[in-house]
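Please read the structure below before turning to the comments.
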Amino acid sequence: MRIVIAGGHGQIALRLERLLSARGDEVAGIIRKPEQSDDLRAAGAEPVVLDLESASVEEVAKHLEGADAAVFAAGAGPGSGPERKDTVDKGAAVLFADAAVRAGVRRFLIVSSMGADPAHEGDEIFDAYLRAKGAADEYVRSQKDLDWTILRPGMLTDDAGTGLVRLEARTGRGSIPRDDVAAVLAELLDTPATAGLTLELISGSTPVPVAVRSVAGN
């Protein structure tokens, strides 16, 4: 498969790029900073330098043409204010979804967050983040030309992955290593029957392939 990942230098994205390239997929990662290119090449991905906060739908769609799947894993990141939560976590996700539709890429995965809700209340930056993520999820769900899956991990850690997860519509609070989030994304890309699902993810006792097949109804 050819897979294009938005936010290609993110911690989950780099792990996913390594997994996908190691199994023989062709991977491109969209990045904002040219100096991040070598890290993507080391992960086996082709770097695409493009600022999703200023690019047009047409510009992004050009890089999605011919792809089998698109993954939105971008985020404004720690230290950013409410404005960038809106322009990246929401705005860039909407742009990427529109570009996928324009390019005819149906399979679309978005890395969201547990608790994402466009109506989430509160004045803290994390509250703004959850609203932005929720609005992005809502927009993606409205796209009839996308076979979307929304993945909402719990608290992310840098612990080594175990390959054992709990993946359900509702899991309750919990943590999950970024390694295991990437592994689940790779498995979801191979499982088109998960289209139309919003899934929460935390560490658990079920091997990743079994957990994904279970939510897919297999």
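Identifiers in this document derive from the order of the structure tokens: chains are assigned A, B, ..., residues are numbered from 1 separately in each chain, and ligands are numbered from 1 in order of occurrence.
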
(Q) Could you go through chain A and tell me which residues DSSP, when run on the backbone, assigns to alpha helix (DSSP H), listing them as a ChimeraX atom specification? (A) /A:11-22,37-42,57-64,82-84,93-103,125-141,178-189,208-215

For C-alpha atoms, I'd like the residues from the last selection saved as a PDB file, in the first residue's frame.
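Here's the written file again.pdb:
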```pdb
ATOM      1  CA  GLN A  11       6.091  10.437  17.954  1.00  0.00           C
ATOM      2  CA  ILE A  12       3.313   8.079  16.885  1.00  0.00           C
ATOM      3  CA  ALA A  13       3.822   8.830  13.184  1.00  0.00           C
ATOM      4  CA  LEU A  14       7.547   7.974  13.240  1.00  0.00           C
ATOM      5  CA  ARG A  15       6.777   4.653  14.918  1.00  0.00           C
ATOM      6  CA  LEU A  16       4.056   3.940  12.363  1.00  0.00           C
ATOM      7  CA  GLU A  17       6.370   4.822   9.476  1.00  0.00           C
ATOM      8  CA  ARG A  18       8.942   2.326  10.726  1.00  0.00           C
ATOM      9  CA  LEU A  19       6.322  -0.414  11.017  1.00  0.00           C
ATOM     10  CA  LEU A  20       4.807   0.213   7.591  1.00  0.00           C
ATOM     11  CA  SER A  21       8.084   0.557   5.715  1.00  0.00           C
ATOM     12  CA  ALA A  22       9.465  -2.570   7.416  1.00  0.00           C
ATOM     13  CA  SER A  37      13.432  15.107   6.603  1.00  0.00           C
ATOM     14  CA  ASP A  38      16.376  12.929   7.642  1.00  0.00           C
ATOM     15  CA  ASP A  39      14.418  11.505  10.592  1.00  0.00           C
ATOM     16  CA  LEU A  40      11.654  10.426   8.205  1.00  0.00           C
ATOM     17  CA  ARG A  41      14.102   8.859   5.779  1.00  0.00           C
ATOM     18  CA  ALA A  42      15.641   6.947   8.693  1.00  0.00           C
ATOM     19  CA  VAL A  57      -6.835  21.588  -0.409  1.00  0.00           C
ATOM     20  CA  GLU A  58      -5.460  21.279  -3.946  1.00  0.00           C
ATOM     21  CA  GLU A  59      -1.830  21.383  -2.737  1.00  0.00           C
ATOM     22  CA  VAL A  60      -2.429  18.641  -0.199  1.00  0.00           C
ATOM     23  CA  ALA A  61      -4.496  16.546  -2.622  1.00  0.00           C
ATOM     24  CA  LYS A  62      -1.554  16.438  -5.065  1.00  0.00           C
ATOM     25  CA  HIS A  63       0.474  14.552  -2.473  1.00  0.00           C
ATOM     26  CA  LEU A  64      -2.414  12.174  -1.775  1.00  0.00           C
ATOM     27  CA  PRO A  82      -5.751  27.492  21.979  1.00  0.00           C
ATOM     28  CA  GLU A  83      -5.318  29.191  18.603  1.00  0.00           C
ATOM     29  CA  ARG A  84      -3.050  26.439  17.259  1.00  0.00           C
ATOM     30  CA  ALA A  93      -7.569  17.630  10.098  1.00  0.00           C
ATOM     31  CA  VAL A  94     -10.477  19.118   8.147  1.00  0.00           C
ATOM     32  CA  LEU A  95      -8.108  20.180   5.350  1.00  0.00           C
ATOM     33  CA  PHE A  96      -6.538  16.715   5.179  1.00  0.00           C
ATOM     34  CA  ALA A  97      -9.959  15.057   5.034  1.00  0.00           C
ATOM     35  CA  ASP A  98     -11.067  17.398   2.246  1.00  0.00           C
ATOM     36  CA  ALA A  99      -7.837  16.696   0.353  1.00  0.00           C
ATOM     37  CA  ALA A 100      -8.340  12.935   0.683  1.00  0.00           C
ATOM     38  CA  VAL A 101     -11.830  13.286  -0.789  1.00  0.00           C
ATOM     39  CA  ARG A 102     -10.444  15.468  -3.592  1.00  0.00           C
ATOM     40  CA  ALA A 103      -7.727  12.889  -4.356  1.00  0.00           C
ATOM     41  CA  ILE A 125      -5.681  24.689  26.982  1.00  0.00           C
ATOM     42  CA  PHE A 126      -6.425  20.964  27.271  1.00  0.00           C
ATOM     43  CA  ASP A 127     -10.138  21.774  27.164  1.00  0.00           C
ATOM     44  CA  ALA A 128      -9.561  23.658  23.895  1.00  0.00           C
ATOM     45  CA  TYR A 129      -7.623  20.643  22.623  1.00  0.00           C
ATOM     46  CA  LEU A 130     -10.487  18.253  23.360  1.00  0.00           C
ATOM     47  CA  ARG A 131     -12.956  20.580  21.643  1.00  0.00           C
ATOM     48  CA  ALA A 132     -10.720  20.857  18.571  1.00  0.00           C
ATOM     49  CA  LYS A 133     -10.224  17.104  18.378  1.00  0.00           C
ATOM     50  CA  GLY A 134     -13.941  16.511  18.834  1.00  0.00           C
ATOM     51  CA  ALA A 135     -14.822  18.981  16.073  1.00  0.00           C
ATOM     52  CA  ALA A 136     -12.318  17.299  13.727  1.00  0.00           C
ATOM     53  CA  ASP A 137     -13.791  13.872  14.480  1.00  0.00           C
ATOM     54  CA  GLU A 138     -17.299  15.152  13.869  1.00  0.00           C
ATOM     55  CA  TYR A 139     -16.272  16.596  10.502  1.00  0.00           C
ATOM     56  CA  VAL A 140     -14.577  13.381   9.400  1.00  0.00           C
ATOM     57  CA  ARG A 141     -17.649  11.374  10.364  1.00  0.00           C
ATOM     58  CA  ARG A 178       2.886   5.015  21.702  1.00  0.00           C
ATOM     59  CA  ASP A 179       4.424   1.795  20.314  1.00  0.00           C
ATOM     60  CA  ASP A 180       1.085   0.044  20.733  1.00  0.00           C
ATOM     61  CA  VAL A 181      -0.888   2.941  19.225  1.00  0.00           C
ATOM     62  CA  ALA A 182       1.272   2.687  16.096  1.00  0.00           C
ATOM     63  CA  ALA A 183       0.792  -1.086  15.984  1.00  0.00           C
ATOM     64  CA  VAL A 184      -2.984  -0.687  16.182  1.00  0.00           C
ATOM     65  CA  LEU A 185      -2.960   1.915  13.401  1.00  0.00           C
ATOM     66  CA  ALA A 186      -0.971  -0.438  11.162  1.00  0.00           C
ATOM     67  CA  GLU A 187      -3.465  -3.218  11.838  1.00  0.00           C
ATOM     68  CA  LEU A 188      -6.450  -0.921  11.220  1.00  0.00           C
ATOM     69  CA  LEU A 189      -4.995  -0.026   7.811  1.00  0.00           C
ATOM     70  CA  VAL A 208      -3.331  -6.229  18.693  1.00  0.00           C
ATOM     71  CA  PRO A 209      -4.402  -8.338  15.663  1.00  0.00           C
ATOM     72  CA  VAL A 210      -7.051 -10.139  17.727  1.00  0.00           C
ATOM     73  CA  ALA A 211      -8.362  -6.874  19.187  1.00  0.00           C
ATOM     74  CA  VAL A 212      -8.703  -5.292  15.745  1.00  0.00           C
ATOM     75  CA  ARG A 213     -10.393  -8.380  14.248  1.00  0.00           C
ATOM     76  CA  SER A 214     -12.787  -8.407  17.183  1.00  0.00           C
ATOM     77  CA  VAL A 215     -14.014  -4.829  16.650  1.00  0.00           C
TER      78      VAL A 215
END
```

Q | Spatial neighbours of Gly8 of chain A, 6 Å, only C-alpha atoms, chain gap at least 2 places, as a PyMOL selection string | A | chain A and resi 5-6+10+13+29-31

For segment 139-174 of chain A against segment 67-76 of chain A, with a cut-off of 12 Å and counting only C-alpha atoms, what is the closest atom pair and its distance in Å to one decimal for every residue that makes the cut, ordered by chain and number, as a tab-separated table?
```
residue	atom	partner	partner_atom	distance
A:Val140	CA	A:Phe72	CA	10.7
A:Leu146	CA	A:Ala69	CA	10.0
A:Asp147	CA	A:Ala69	CA	9.5
A:Trp148	CA	A:Ala70	CA	9.5
A:Thr149	CA	A:Val71	CA	9.7
A:Ile150	CA	A:Phe72	CA	9.8
A:Leu151	CA	A:Ala73	CA	10.3
A:Arg152	CA	A:Ala73	CA	11.4
A:Pro153	CA	A:Ala73	CA	11.9
```

Expected file: the selected residues, N, CA, C and O atoms, as a tab-separated table (two decimals), in the first residue's frame:
```
chain	number	residue	atom	x	y	z
A	140	VAL	N	-14.97	14.59	10.14
A	140	VAL	CA	-14.58	13.38	9.40
A	140	VAL	C	-15.75	12.41	9.30
A	140	VAL	O	-15.99	11.82	8.23
A	146	LEU	N	-15.45	9.07	2.57
A	146	LEU	CA	-14.32	8.52	3.31
A	146	LEU	C	-14.74	7.26	4.07
A	146	LEU	O	-15.81	7.23	4.68
A	147	ASP	N	-13.88	6.25	4.01
A	147	ASP	CA	-14.04	5.07	4.87
A	147	ASP	C	-13.17	5.32	6.10
A	147	ASP	O	-12.03	4.86	6.19
A	148	TRP	N	-13.72	6.07	7.04
A	148	TRP	CA	-12.94	6.56	8.16
A	148	TRP	C	-12.97	5.64	9.36
A	148	TRP	O	-13.94	4.91	9.60
A	149	THR	N	-11.88	5.67	10.12
A	149	THR	CA	-11.84	5.07	11.45
A	149	THR	C	-11.19	6.11	12.37
A	149	THR	O	-10.15	6.68	12.02
A	150	ILE	N	-11.81	6.35	13.51
A	150	ILE	CA	-11.29	7.31	14.48
A	150	ILE	C	-10.73	6.53	15.67
A	150	ILE	O	-11.44	5.72	16.28
A	151	LEU	N	-9.45	6.76	15.98
A	151	LEU	CA	-8.81	6.07	17.10
A	151	LEU	C	-8.54	7.07	18.21
A	151	LEU	O	-7.88	8.09	18.01
A	152	ARG	N	-9.07	6.76	19.41
A	152	ARG	CA	-8.94	7.66	20.56
A	152	ARG	C	-8.14	6.98	21.67
A	152	ARG	O	-8.70	6.31	22.55
A	153	PRO	N	-6.81	7.16	21.65
A	153	PRO	CA	-6.00	6.54	22.71
A	153	PRO	C	-6.19	7.24	24.04
A	153	PRO	O	-6.55	8.42	24.10
```

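Put simply, atom CA of Glu46 of chain A is 12.0 Å away from atom CA of Pro34 of chain A.
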